[in-house]
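Below is one structure; the comments refer to it alone.
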Amino acid sequence: MAQAVQRRSAAGFSLVELLAVAAITSMVVAGLSQALGLFGREVEAVRAESDQGPEEAVALMTDMARYAWTVEQPDDAQLDVIDALGGRTSFAVVDGALRLTRPSGVSGTLLTGVAGLSIQTESMHRLREDTPVDAYRTWWQVPAAVSPTTLGLESGLPLALGFTLSSVVPDQYDVVQGVDEKTVYAALETLVISLSYVGNIPSDPNIAISGGGGGGHKVQICHVPPGNPGNAHSLNISINALSAHLAHGDLLGACSAQPDTQVYPDVTIQLFEARAPDDARPVGPQLASMTLVSQALPLGSASWVATGIGMSTHTTHNHGAAECAATTASGKVVMCHVPPGNPANAHSITISPSAVDAHLAHGDYFGSCGDHWSATSVYTLNLNATPVEFAFDISPLGAMILPGRAYTLVLSMAGPGVVFVGAGSLGSASNTGVAQAISAYGALQPAAASVPFKLKGLQRISRTVEHEPVSKVSLTLAMDDGQSASGSTGITSQASVPGEWLGAVHGETAELDP
């Protein structure tokens with residue numbers, strides 16, 4: 001008995017193993033049954049449709065076309081019907097049989113003995129929105145100045161540039177006659193502006209404003225002994241002897257080792273909304289900001305030159321701008337410019353009489369940085385700082401600019417020297433698209449100037465395409481035995497849409513016009 005049990009164990013499975021195998025087999029059979037059932041339903045659907053005559057076949061095709069999303073005719077004997085989800089059902093005559101292919105790919109014969117299928121379609125002219133065009137281009141530009149001048153960008157005196165994004169786009173993007181494409185948005189990637197940076201302004205050789213003799217009439221120079229430049233050293237000399245020293249090679253200012261590398265300022269660029277398209281003053285919180293640390297800028301230079309001012313009997317600097325200008329050969333006014341936050345760098349400049357009030361407002365004072373009534377000339381700052389085009393990478397701002405809104409870019413500088421920005425003078429400071437502070441860290445005010453600059457970046461442009469969807473289909477099915485059946489239908493999804501716009505297109509669910 002024990003021997004018989006041992007033979008059964010070696011030859012077969014235990015009860016537990018048989019149950020496990022049965023369960024697994026049941027799952028596999030169920031899966032196969034489900035898959036075969038799905039396929040079987042597709043096959044049965046085709047077989048059910050195949051048990052029909054030409055009238056039933058034409059009725060099936062026209063009914064499906066009537067409620068389709070779109071209808072297409074790939075060739076003379078094929079009709080494709082597309083539903084709202086993109087499912088495509090095809091009817092085609094192949095080797096004397098009308099074949100039907102379902103969206104799932106299952107295909108079968110709908111009718112045999114077919115002599116031919118005639119398909120006539122009518123189309124409607126539609127315009128529809130297509131994928132927008134993304135173009136990297138200059139989408140904002142202020143033209144070059146007619147009367148070139150410069151604006152000074154210094155620490156504490158930010159400069160604001162106003163701009164807008166136009167919804168109008170160049171003609172090459174209007175691909176459909178009579179339809180204007182529009183700008184969707186643009187990105188800030190590059191700011192191109194003309195500038196020159198003067199980082200080192202030599203010490204002012206003019207008599208100190210305190211006057212009164214002594215050290216006030218001295219000026220510091222770097223004396224370079226002729227034939228022995230290695231022994232150069234700093235001297236304080238009388239201003240009356242300055243011209244002679246400069247003539248034999250001495251330099252203004254103390255002798256100091258020149259740095260190995262140029263010191264550049266930090267430039268901060270902020271984006272704000274503006275008051276109006278032509279008013280650069282910012283409103284509301286900043287939209288974005290970035291700082292370019294020690295940004296290498298095009299370099300200029302500065303030097304002092306003697307400027308004749310004539311003799312004056314005035315003992316104080318309280319005479320008018322026009323009166324002072326009349327004493328100078330150039331007809332300009334001498335001012336002592338005191339840079340905000342850097343009074344040690346005060347220096348004399350000559351300016352137009354009309355600009356005197358603005359300079360007085362931000363801390364400059366009338367006359368040279370010294371007692372100009374006591375001499376026939378003063379030293380004024382000569383700037384060799386012709387602005388040249390320079391491109392700032394402003395993509396870190398990451399800002400999306402929308403059409404029809406006013407924006408402004410506010411440029412601020414931190415560091416020594418002055419950034420001279422290319423500009424053009426205007427007769428009025430009202431709504432020029434340029435604003436600047438006239439006192440240290442004061443409110444920005446419209447400036448009587450125009451600053452040429454460009455903004456480059458990606459501009460997204462809407463696009464319209466012409467579309468000719470099938471709006472009506474007429475069918476004639478001819479049989480080998482002489483029978484025939486005809487039918488026609490309008491495509492409801494197309495015929496129900498008024499006008500040219502928003503025609504129903506496969507894959508789109510745009511809201512239709514009422």
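Residues in the structure tokens are numbered from 1 in each chain, the chains being A, B, ... in the order shown, and ligands are numbered from 1 in the order shown.
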
- Message: Need to verify the contact set: Ala485 of chain A, 9 Å, only C-alpha atoms, exclusion of same-chain residues closer than 4 positions in sequence. Can you return it as a PyMOL selection string?
- Response: chain A and resi 54-58+475-479

Selected residues, N, CA, C and O atoms, written as a PDB file, in the first residue's frame, please.
```pdb
ATOM      1  N   PRO A  54     -27.042  47.258 -51.869  1.00  0.00           N
ATOM      2  CA  PRO A  54     -26.439  48.558 -52.143  1.00  0.00           C
ATOM      3  C   PRO A  54     -27.170  49.703 -51.433  1.00  0.00           C
ATOM      4  O   PRO A  54     -26.544  50.672 -50.999  1.00  0.00           O
ATOM      5  N   GLU A  55     -28.529  49.623 -51.295  1.00  0.00           N
ATOM      6  CA  GLU A  55     -29.243  50.695 -50.615  1.00  0.00           C
ATOM      7  C   GLU A  55     -28.808  50.817 -49.159  1.00  0.00           C
ATOM      8  O   GLU A  55     -28.598  51.925 -48.639  1.00  0.00           O
ATOM      9  N   GLU A  56     -28.694  49.665 -48.487  1.00  0.00           N
ATOM     10  CA  GLU A  56     -28.283  49.686 -47.084  1.00  0.00           C
ATOM     11  C   GLU A  56     -26.849  50.205 -46.936  1.00  0.00           C
ATOM     12  O   GLU A  56     -26.528  50.940 -45.994  1.00  0.00           O
ATOM     13  N   ALA A  57     -25.986  49.830 -47.898  1.00  0.00           N
ATOM     14  CA  ALA A  57     -24.592  50.290 -47.826  1.00  0.00           C
ATOM     15  C   ALA A  57     -24.512  51.812 -47.994  1.00  0.00           C
ATOM     16  O   ALA A  57     -23.782  52.503 -47.267  1.00  0.00           O
ATOM     17  N   VAL A  58     -25.286  52.343 -48.962  1.00  0.00           N
ATOM     18  CA  VAL A  58     -25.285  53.790 -49.177  1.00  0.00           C
ATOM     19  C   VAL A  58     -25.877  54.498 -47.957  1.00  0.00           C
ATOM     20  O   VAL A  58     -25.381  55.548 -47.512  1.00  0.00           O
ATOM     21  N   LEU A 475     -23.243  60.116 -53.102  1.00  0.00           N
ATOM     22  CA  LEU A 475     -22.695  58.793 -53.401  1.00  0.00           C
ATOM     23  C   LEU A 475     -23.576  58.060 -54.406  1.00  0.00           C
ATOM     24  O   LEU A 475     -24.817  58.160 -54.344  1.00  0.00           O
ATOM     25  N   THR A 476     -22.946  57.305 -55.304  1.00  0.00           N
ATOM     26  CA  THR A 476     -23.651  56.379 -56.194  1.00  0.00           C
ATOM     27  C   THR A 476     -22.874  55.076 -56.218  1.00  0.00           C
ATOM     28  O   THR A 476     -21.682  55.054 -56.573  1.00  0.00           O
ATOM     29  N   LEU A 477     -23.571  53.993 -55.805  1.00  0.00           N
ATOM     30  CA  LEU A 477     -22.942  52.675 -55.749  1.00  0.00           C
ATOM     31  C   LEU A 477     -23.530  51.820 -56.868  1.00  0.00           C
ATOM     32  O   LEU A 477     -24.751  51.564 -56.906  1.00  0.00           O
ATOM     33  N   ALA A 478     -22.675  51.413 -57.821  1.00  0.00           N
ATOM     34  CA  ALA A 478     -23.114  50.604 -58.970  1.00  0.00           C
ATOM     35  C   ALA A 478     -22.682  49.160 -58.764  1.00  0.00           C
ATOM     36  O   ALA A 478     -21.554  48.894 -58.352  1.00  0.00           O
ATOM     37  N   MET A 479     -23.620  48.184 -59.098  1.00  0.00           N
ATOM     38  CA  MET A 479     -23.342  46.762 -58.892  1.00  0.00           C
ATOM     39  C   MET A 479     -23.128  46.074 -60.238  1.00  0.00           C
ATOM     40  O   MET A 479     -23.580  46.556 -61.309  1.00  0.00           O
TER      41      MET A 479
END
```

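The smallest atom-to-atom distance between Gly457 of chain A and any of A:Ile401, A:Leu110, A:Leu100, A:Met335, using only C-alpha atoms, is found for A:Ile401.
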
- Task: Just the residues within 10 Å of Pro277 of chain A, please, counting only C-alpha atoms, with nothing from its chain fewer than 4 positions along; format it as an MDAnalysis selection string.
- Result: chainID A and resid 162:165 273 404:408 431:433

- Query: Closest to Thr70 of chain A among A:Gln436, A:Ser425, A:Ser107, A:Thr492, using only C-alpha atoms?
  - Reply: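 For Thr70 of chain A, the nearest of the given residues is A:Thr492.
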
- Message: Just checking: using only C-alpha atoms, which residue out of A:Leu411, A:Ile193, A:Leu235, A:Val283 ends up closest to Thr150 of chain A?
- Response: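 Ranking A:Leu411, A:Ile193, A:Leu235, A:Val283 by distance to Thr150 of chain A, first place goes to A:Ile193.
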
- Query: atom CA of Asn228 of chain A to atom CA of Leu242 of chain A: how many Å, to one decimal?
  - Reply: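 We find that atom CA of Asn228 of chain A and atom CA of Leu242 of chain A lie 19.8 Å from each other.
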
- Write out as a ChimeraX atom specification all residues of segment 82-279 of chain A that backbone DSSP assigns to strand (DSSP E or B). /A:82,88-94,97-101,107-112,114-123,126-141,148-154,157,159-164,168,182-187,190-198,218-223,233-238,251-252,266-276,279

Contacts between segment 266-270 of chain A and segment 371-437 of chain A, please, where a residue of segment 371-437 of chain A counts if it comes within 10 Å (with only C-alpha atoms); show its shortest atom pair and distance in Å to one decimal, rows by chain and ascending number, as a Markdown table.
```
| residue | atom | partner | partner_atom | distance |
| --- | --- | --- | --- | --- |
| A:Phe392 | CA | A:Ile269 | CA | 9.6 |
| A:Ile394 | CA | A:Ile269 | CA | 8.0 |
| A:Leu397 | CA | A:Gln270 | CA | 8.2 |
| A:Thr408 | CA | A:Gln270 | CA | 8.2 |
| A:Leu409 | CA | A:Gln270 | CA | 5.6 |
| A:Val410 | CA | A:Gln270 | CA | 5.1 |
| A:Leu411 | CA | A:Ile269 | CA | 4.8 |
| A:Ser412 | CA | A:Thr268 | CA | 5.1 |
| A:Met413 | CA | A:Val267 | CA | 4.8 |
| A:Ala414 | CA | A:Asp266 | CA | 5.2 |
| A:Gly415 | CA | A:Asp266 | CA | 6.4 |
| A:Pro416 | CA | A:Asp266 | CA | 9.6 |
| A:Val419 | CA | A:Val267 | CA | 9.9 |
```

Please produce an output containing N, CA and C atoms for each residue in the selection, written as a PDB file, in the first residue's frame.
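File selection.pdb, as written:
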```
ATOM      1  N   PHE A 392      22.988  94.018 -23.721  1.00  0.00           N
ATOM      2  CA  PHE A 392      22.800  93.393 -22.413  1.00  0.00           C
ATOM      3  C   PHE A 392      21.963  92.129 -22.587  1.00  0.00           C
ATOM      4  N   ILE A 394      19.352  90.200 -21.109  1.00  0.00           N
ATOM      5  CA  ILE A 394      18.355  90.400 -20.060  1.00  0.00           C
ATOM      6  C   ILE A 394      17.373  89.225 -19.993  1.00  0.00           C
ATOM      7  N   LEU A 397      15.600  88.054 -16.721  1.00  0.00           N
ATOM      8  CA  LEU A 397      14.378  88.669 -16.227  1.00  0.00           C
ATOM      9  C   LEU A 397      13.191  87.706 -16.343  1.00  0.00           C
ATOM     10  N   THR A 408       8.386  99.685 -18.557  1.00  0.00           N
ATOM     11  CA  THR A 408       9.607 100.479 -18.507  1.00  0.00           C
ATOM     12  C   THR A 408      10.730  99.634 -17.923  1.00  0.00           C
ATOM     13  N   LEU A 409      11.914  99.809 -18.477  1.00  0.00           N
ATOM     14  CA  LEU A 409      13.136  99.198 -17.946  1.00  0.00           C
ATOM     15  C   LEU A 409      13.905 100.280 -17.211  1.00  0.00           C
ATOM     16  N   VAL A 410      14.198 100.047 -15.933  1.00  0.00           N
ATOM     17  CA  VAL A 410      14.917 101.012 -15.119  1.00  0.00           C
ATOM     18  C   VAL A 410      16.349 100.503 -14.925  1.00  0.00           C
ATOM     19  N   LEU A 411      17.326 101.291 -15.409  1.00  0.00           N
ATOM     20  CA  LEU A 411      18.737 100.941 -15.308  1.00  0.00           C
ATOM     21  C   LEU A 411      19.361 101.742 -14.171  1.00  0.00           C
ATOM     22  N   SER A 412      20.017 101.044 -13.236  1.00  0.00           N
ATOM     23  CA  SER A 412      20.705 101.687 -12.118  1.00  0.00           C
ATOM     24  C   SER A 412      22.151 101.222 -12.099  1.00  0.00           C
ATOM     25  N   MET A 413      23.047 102.118 -11.673  1.00  0.00           N
ATOM     26  CA  MET A 413      24.466 101.800 -11.619  1.00  0.00           C
ATOM     27  C   MET A 413      24.973 101.926 -10.195  1.00  0.00           C
ATOM     28  N   ALA A 414      25.832 101.013  -9.783  1.00  0.00           N
ATOM     29  CA  ALA A 414      26.494 101.091  -8.480  1.00  0.00           C
ATOM     30  C   ALA A 414      27.989 100.923  -8.709  1.00  0.00           C
ATOM     31  N   GLY A 415      28.763 101.939  -8.338  1.00  0.00           N
ATOM     32  CA  GLY A 415      30.197 101.880  -8.545  1.00  0.00           C
ATOM     33  C   GLY A 415      30.732 103.233  -8.956  1.00  0.00           C
ATOM     34  N   PRO A 416      32.022 103.307  -9.198  1.00  0.00           N
ATOM     35  CA  PRO A 416      32.636 104.592  -9.563  1.00  0.00           C
ATOM     36  C   PRO A 416      32.312 104.985 -10.994  1.00  0.00           C
ATOM     37  N   VAL A 419      28.311 106.200 -16.581  1.00  0.00           N
ATOM     38  CA  VAL A 419      27.957 105.555 -17.837  1.00  0.00           C
ATOM     39  C   VAL A 419      27.233 106.600 -18.687  1.00  0.00           C
TER      40      VAL A 419
END
```

From a DSSP pass on the backbone, collect the residues of segment 56-277 of chain A flagged as helix (DSSP H, G or I) and hand them back as an mmCIF file with all heavy atoms, in the first residue's frame.
```cif
data_model
loop_
_atom_site.group_PDB
_atom_site.id
_atom_site.type_symbol
_atom_site.label_atom_id
_atom_site.label_comp_id
_atom_site.auth_asym_id
_atom_site.auth_seq_id
_atom_site.Cartn_x
_atom_site.Cartn_y
_atom_site.Cartn_z
ATOM 1 N N GLU A 56 -28.694 49.665 -48.487
ATOM 2 C CA GLU A 56 -28.283 49.686 -47.084
ATOM 3 C C GLU A 56 -26.849 50.205 -46.936
ATOM 4 O O GLU A 56 -26.528 50.940 -45.994
ATOM 5 C CB GLU A 56 -28.396 48.286 -46.472
ATOM 6 C CG GLU A 56 -29.813 47.800 -46.252
ATOM 7 C CD GLU A 56 -30.457 47.285 -47.531
ATOM 8 O OE1 GLU A 56 -29.750 47.176 -48.559
ATOM 9 O OE2 GLU A 56 -31.660 47.012 -47.523
ATOM 10 N N ALA A 57 -25.986 49.830 -47.898
ATOM 11 C CA ALA A 57 -24.592 50.290 -47.826
ATOM 12 C C ALA A 57 -24.512 51.812 -47.994
ATOM 13 O O ALA A 57 -23.782 52.503 -47.267
ATOM 14 C CB ALA A 57 -23.746 49.591 -48.885
ATOM 15 N N VAL A 58 -25.286 52.343 -48.962
ATOM 16 C CA VAL A 58 -25.285 53.790 -49.177
ATOM 17 C C VAL A 58 -25.877 54.498 -47.957
ATOM 18 O O VAL A 58 -25.381 55.548 -47.512
ATOM 19 C CB VAL A 58 -26.053 54.155 -50.456
ATOM 20 C CG1 VAL A 58 -26.297 55.654 -50.544
ATOM 21 C CG2 VAL A 58 -25.291 53.681 -51.681
ATOM 22 N N ALA A 59 -26.938 53.945 -47.384
ATOM 23 C CA ALA A 59 -27.544 54.545 -46.187
ATOM 24 C C ALA A 59 -26.549 54.581 -45.029
ATOM 25 O O ALA A 59 -26.481 55.563 -44.272
ATOM 26 C CB ALA A 59 -28.803 53.776 -45.798
ATOM 27 N N LEU A 60 -25.787 53.493 -44.865
ATOM 28 C CA LEU A 60 -24.790 53.454 -43.788
ATOM 29 C C LEU A 60 -23.746 54.545 -43.982
ATOM 30 O O LEU A 60 -23.389 55.273 -43.040
ATOM 31 C CB LEU A 60 -24.122 52.071 -43.761
ATOM 32 C CG LEU A 60 -22.962 51.926 -42.760
ATOM 33 C CD1 LEU A 60 -23.455 52.100 -41.332
ATOM 34 C CD2 LEU A 60 -22.277 50.569 -42.933
ATOM 35 N N MET A 61 -23.262 54.698 -45.226
ATOM 36 C CA MET A 61 -22.222 55.692 -45.480
ATOM 37 C C MET A 61 -22.730 57.114 -45.287
ATOM 38 O O MET A 61 -22.065 57.961 -44.688
ATOM 39 C CB MET A 61 -21.656 55.506 -46.898
ATOM 40 C CG MET A 61 -20.770 54.273 -47.045
ATOM 41 S SD MET A 61 -19.941 54.178 -48.662
ATOM 42 C CE MET A 61 -21.293 53.634 -49.712
ATOM 43 N N THR A 62 -23.932 57.401 -45.786
ATOM 44 C CA THR A 62 -24.458 58.763 -45.649
ATOM 45 C C THR A 62 -24.806 59.090 -44.197
ATOM 46 O O THR A 62 -24.620 60.216 -43.748
ATOM 47 C CB THR A 62 -25.684 58.966 -46.551
ATOM 48 O OG1 THR A 62 -26.665 57.945 -46.258
ATOM 49 C CG2 THR A 62 -25.287 58.909 -48.015
ATOM 50 N N ASP A 63 -25.326 58.118 -43.449
ATOM 51 C CA ASP A 63 -25.641 58.362 -42.029
ATOM 52 C C ASP A 63 -24.370 58.679 -41.240
ATOM 53 O O ASP A 63 -24.348 59.604 -40.411
ATOM 54 C CB ASP A 63 -26.330 57.139 -41.425
ATOM 55 C CG ASP A 63 -27.785 57.021 -41.864
ATOM 56 O OD1 ASP A 63 -28.306 58.011 -42.428
ATOM 57 O OD2 ASP A 63 -28.382 55.949 -41.653
ATOM 58 N N MET A 64 -23.325 57.908 -41.484
ATOM 59 C CA MET A 64 -22.078 58.163 -40.767
ATOM 60 C C MET A 64 -21.499 59.516 -41.165
ATOM 61 O O MET A 64 -20.988 60.259 -40.325
ATOM 62 C CB MET A 64 -21.069 57.047 -41.040
ATOM 63 C CG MET A 64 -21.451 55.706 -40.417
ATOM 64 S SD MET A 64 -20.115 54.484 -40.524
ATOM 65 C CE MET A 64 -18.907 55.209 -39.412
ATOM 66 N N ALA A 65 -21.596 59.875 -42.446
ATOM 67 C CA ALA A 65 -21.060 61.157 -42.908
ATOM 68 C C ALA A 65 -21.837 62.327 -42.307
ATOM 69 O O ALA A 65 -21.264 63.367 -41.953
ATOM 70 C CB ALA A 65 -21.084 61.226 -44.425
ATOM 71 N N ARG A 66 -23.154 62.168 -42.175
ATOM 72 C CA ARG A 66 -23.997 63.265 -41.682
ATOM 73 C C ARG A 66 -23.574 63.689 -40.278
ATOM 74 O O ARG A 66 -23.551 64.875 -39.951
ATOM 75 C CB ARG A 66 -25.459 62.833 -41.688
ATOM 76 C CG ARG A 66 -26.416 63.915 -41.186
ATOM 77 C CD ARG A 66 -27.863 63.465 -41.260
ATOM 78 N NE ARG A 66 -28.249 63.151 -42.626
ATOM 79 C CZ ARG A 66 -28.521 61.925 -43.073
ATOM 80 N NH1 ARG A 66 -28.449 60.892 -42.249
ATOM 81 N NH2 ARG A 66 -28.843 61.740 -44.327
ATOM 82 N N ASP A 171 4.360 92.140 -42.372
ATOM 83 C CA ASP A 171 3.511 91.594 -43.426
ATOM 84 C C ASP A 171 3.823 90.140 -43.748
ATOM 85 O O ASP A 171 2.930 89.392 -44.152
ATOM 86 C CB ASP A 171 3.647 92.441 -44.701
ATOM 87 C CG ASP A 171 3.031 93.825 -44.544
ATOM 88 O OD1 ASP A 171 2.201 93.993 -43.626
ATOM 89 O OD2 ASP A 171 3.391 94.728 -45.317
ATOM 90 N N GLN A 172 5.094 89.734 -43.581
ATOM 91 C CA GLN A 172 5.431 88.368 -43.985
ATOM 92 C C GLN A 172 4.744 87.306 -43.130
ATOM 93 O O GLN A 172 4.714 86.135 -43.489
ATOM 94 C CB GLN A 172 6.949 88.139 -43.962
ATOM 95 C CG GLN A 172 7.594 88.230 -42.589
ATOM 96 C CD GLN A 172 8.210 89.586 -42.367
ATOM 97 O OE1 GLN A 172 7.689 90.593 -42.832
ATOM 98 N NE2 GLN A 172 9.326 89.623 -41.662
ATOM 99 N N TYR A 173 4.182 87.724 -41.993
ATOM 100 C CA TYR A 173 3.486 86.759 -41.143
ATOM 101 C C TYR A 173 1.978 86.740 -41.414
ATOM 102 O O TYR A 173 1.257 85.936 -40.839
ATOM 103 C CB TYR A 173 3.749 87.064 -39.664
ATOM 104 C CG TYR A 173 5.201 86.908 -39.299
ATOM 105 C CD1 TYR A 173 6.028 88.018 -39.162
ATOM 106 C CD2 TYR A 173 5.768 85.652 -39.121
ATOM 107 C CE1 TYR A 173 7.367 87.878 -38.834
ATOM 108 C CE2 TYR A 173 7.107 85.501 -38.806
ATOM 109 C CZ TYR A 173 7.903 86.621 -38.665
ATOM 110 O OH TYR A 173 9.226 86.477 -38.356
ATOM 111 N N GLY A 214 46.473 129.774 0.402
ATOM 112 C CA GLY A 214 46.945 128.550 1.047
ATOM 113 C C GLY A 214 46.723 127.359 0.147
ATOM 114 O O GLY A 214 46.849 127.425 -1.066
ATOM 115 N N GLY A 215 46.351 126.228 0.792
ATOM 116 C CA GLY A 215 46.162 124.987 0.054
ATOM 117 C C GLY A 215 45.022 125.056 -0.924
ATOM 118 O O GLY A 215 44.954 124.283 -1.857
ATOM 119 N N GLY A 216 44.112 126.019 -0.732
ATOM 120 C CA GLY A 216 42.981 126.111 -1.640
ATOM 121 C C GLY A 216 43.394 126.455 -3.047
ATOM 122 O O GLY A 216 42.633 126.242 -3.976
ATOM 123 N N HIS A 217 44.598 127.053 -3.221
ATOM 124 C CA HIS A 217 45.074 127.420 -4.551
ATOM 125 C C HIS A 217 46.086 126.418 -5.079
ATOM 126 O O HIS A 217 46.779 126.695 -6.038
ATOM 127 C CB HIS A 217 45.694 128.813 -4.514
ATOM 128 C CG HIS A 217 44.686 129.904 -4.302
ATOM 129 N ND1 HIS A 217 44.022 130.517 -5.342
ATOM 130 C CD2 HIS A 217 44.205 130.464 -3.159
ATOM 131 C CE1 HIS A 217 43.198 131.428 -4.863
ATOM 132 N NE2 HIS A 217 43.277 131.416 -3.530
ATOM 133 N N PRO A 229 61.701 108.902 -15.702
ATOM 134 C CA PRO A 229 60.297 108.629 -15.376
ATOM 135 C C PRO A 229 60.121 107.668 -14.213
ATOM 136 O O PRO A 229 59.086 107.663 -13.568
ATOM 137 C CB PRO A 229 59.750 108.039 -16.681
ATOM 138 C CG PRO A 229 60.952 107.495 -17.393
ATOM 139 C CD PRO A 229 62.086 108.412 -17.041
ATOM 140 N N GLY A 230 61.161 106.886 -13.913
ATOM 141 C CA GLY A 230 61.058 105.962 -12.791
ATOM 142 C C GLY A 230 60.992 106.672 -11.451
ATOM 143 O O GLY A 230 60.639 106.065 -10.441
ATOM 144 N N ASN A 231 61.322 107.926 -11.423
ATOM 145 C CA ASN A 231 61.320 108.697 -10.173
ATOM 146 C C ASN A 231 60.077 109.581 -10.066
ATOM 147 O O ASN A 231 60.086 110.601 -9.368
ATOM 148 C CB ASN A 231 62.590 109.557 -10.093
ATOM 149 C CG ASN A 231 62.823 110.109 -8.693
ATOM 150 O OD1 ASN A 231 62.411 109.495 -7.705
ATOM 151 N ND2 ASN A 231 63.452 111.267 -8.620
ATOM 152 N N ILE A 239 48.353 126.513 -8.658
ATOM 153 C CA ILE A 239 47.600 126.352 -9.902
ATOM 154 C C ILE A 239 48.196 127.202 -11.017
ATOM 155 O O ILE A 239 48.073 126.879 -12.196
ATOM 156 C CB ILE A 239 46.114 126.684 -9.687
ATOM 157 C CG1 ILE A 239 45.300 126.207 -10.898
ATOM 158 C CG2 ILE A 239 45.900 128.160 -9.409
ATOM 159 C CD1 ILE A 239 43.814 126.255 -10.703
ATOM 160 N N ASN A 240 48.898 128.280 -10.648
ATOM 161 C CA ASN A 240 49.509 129.125 -11.668
ATOM 162 C C ASN A 240 50.627 128.415 -12.411
ATOM 163 O O ASN A 240 50.989 128.784 -13.524
ATOM 164 C CB ASN A 240 50.038 130.419 -11.029
ATOM 165 C CG ASN A 240 48.906 131.258 -10.443
ATOM 166 O OD1 ASN A 240 47.812 131.281 -10.978
ATOM 167 N ND2 ASN A 240 49.191 131.933 -9.326
ATOM 168 N N ALA A 241 51.207 127.361 -11.759
ATOM 169 C CA ALA A 241 52.319 126.631 -12.386
ATOM 170 C C ALA A 241 51.855 125.371 -13.102
ATOM 171 O O ALA A 241 52.675 124.637 -13.664
ATOM 172 C CB ALA A 241 53.353 126.267 -11.320
ATOM 173 N N LEU A 242 50.545 125.116 -13.073
ATOM 174 C CA LEU A 242 50.045 123.849 -13.608
ATOM 175 C C LEU A 242 50.324 123.699 -15.090
ATOM 176 O O LEU A 242 50.787 122.646 -15.546
ATOM 177 C CB LEU A 242 48.539 123.734 -13.348
ATOM 178 C CG LEU A 242 47.862 122.471 -13.896
ATOM 179 C CD1 LEU A 242 48.470 121.217 -13.277
ATOM 180 C CD2 LEU A 242 46.362 122.526 -13.649
ATOM 181 N N SER A 243 50.098 124.757 -15.860
ATOM 182 C CA SER A 243 50.259 124.641 -17.319
ATOM 183 C C SER A 243 51.679 124.257 -17.693
ATOM 184 O O SER A 243 51.902 123.425 -18.586
ATOM 185 C CB SER A 243 49.862 125.957 -17.990
ATOM 186 O OG SER A 243 48.496 126.247 -17.769
ATOM 187 N N ALA A 244 52.650 124.849 -17.010
ATOM 188 C CA ALA A 244 54.052 124.539 -17.311
ATOM 189 C C ALA A 244 54.365 123.081 -17.015
ATOM 190 O O ALA A 244 55.081 122.405 -17.778
ATOM 191 C CB ALA A 244 54.968 125.466 -16.526
ATOM 192 N N HIS A 245 53.843 122.573 -15.899
ATOM 193 C CA HIS A 245 54.105 121.160 -15.551
ATOM 194 C C HIS A 245 53.455 120.213 -16.549
ATOM 195 O O HIS A 245 54.062 119.205 -16.950
ATOM 196 C CB HIS A 245 53.595 120.878 -14.135
ATOM 197 C CG HIS A 245 54.552 121.290 -13.056
ATOM 198 N ND1 HIS A 245 55.489 120.447 -12.514
ATOM 199 C CD2 HIS A 245 54.740 122.500 -12.448
ATOM 200 C CE1 HIS A 245 56.198 121.085 -11.595
ATOM 201 N NE2 HIS A 245 55.760 122.347 -11.526
ATOM 202 N N LEU A 246 52.241 120.514 -16.910
ATOM 203 C CA LEU A 246 51.566 119.644 -17.880
ATOM 204 C C LEU A 246 52.281 119.654 -19.220
ATOM 205 O O LEU A 246 52.319 118.638 -19.927
ATOM 206 C CB LEU A 246 50.113 120.085 -18.064
ATOM 207 C CG LEU A 246 49.191 119.939 -16.845
ATOM 208 C CD1 LEU A 246 47.800 120.469 -17.168
ATOM 209 C CD2 LEU A 246 49.108 118.486 -16.389
ATOM 210 N N ALA A 247 52.882 120.803 -19.561
ATOM 211 C CA ALA A 247 53.568 120.929 -20.847
ATOM 212 C C ALA A 247 54.769 120.015 -20.953
ATOM 213 O O ALA A 247 55.134 119.594 -22.059
ATOM 214 C CB ALA A 247 53.965 122.378 -21.072
#
```
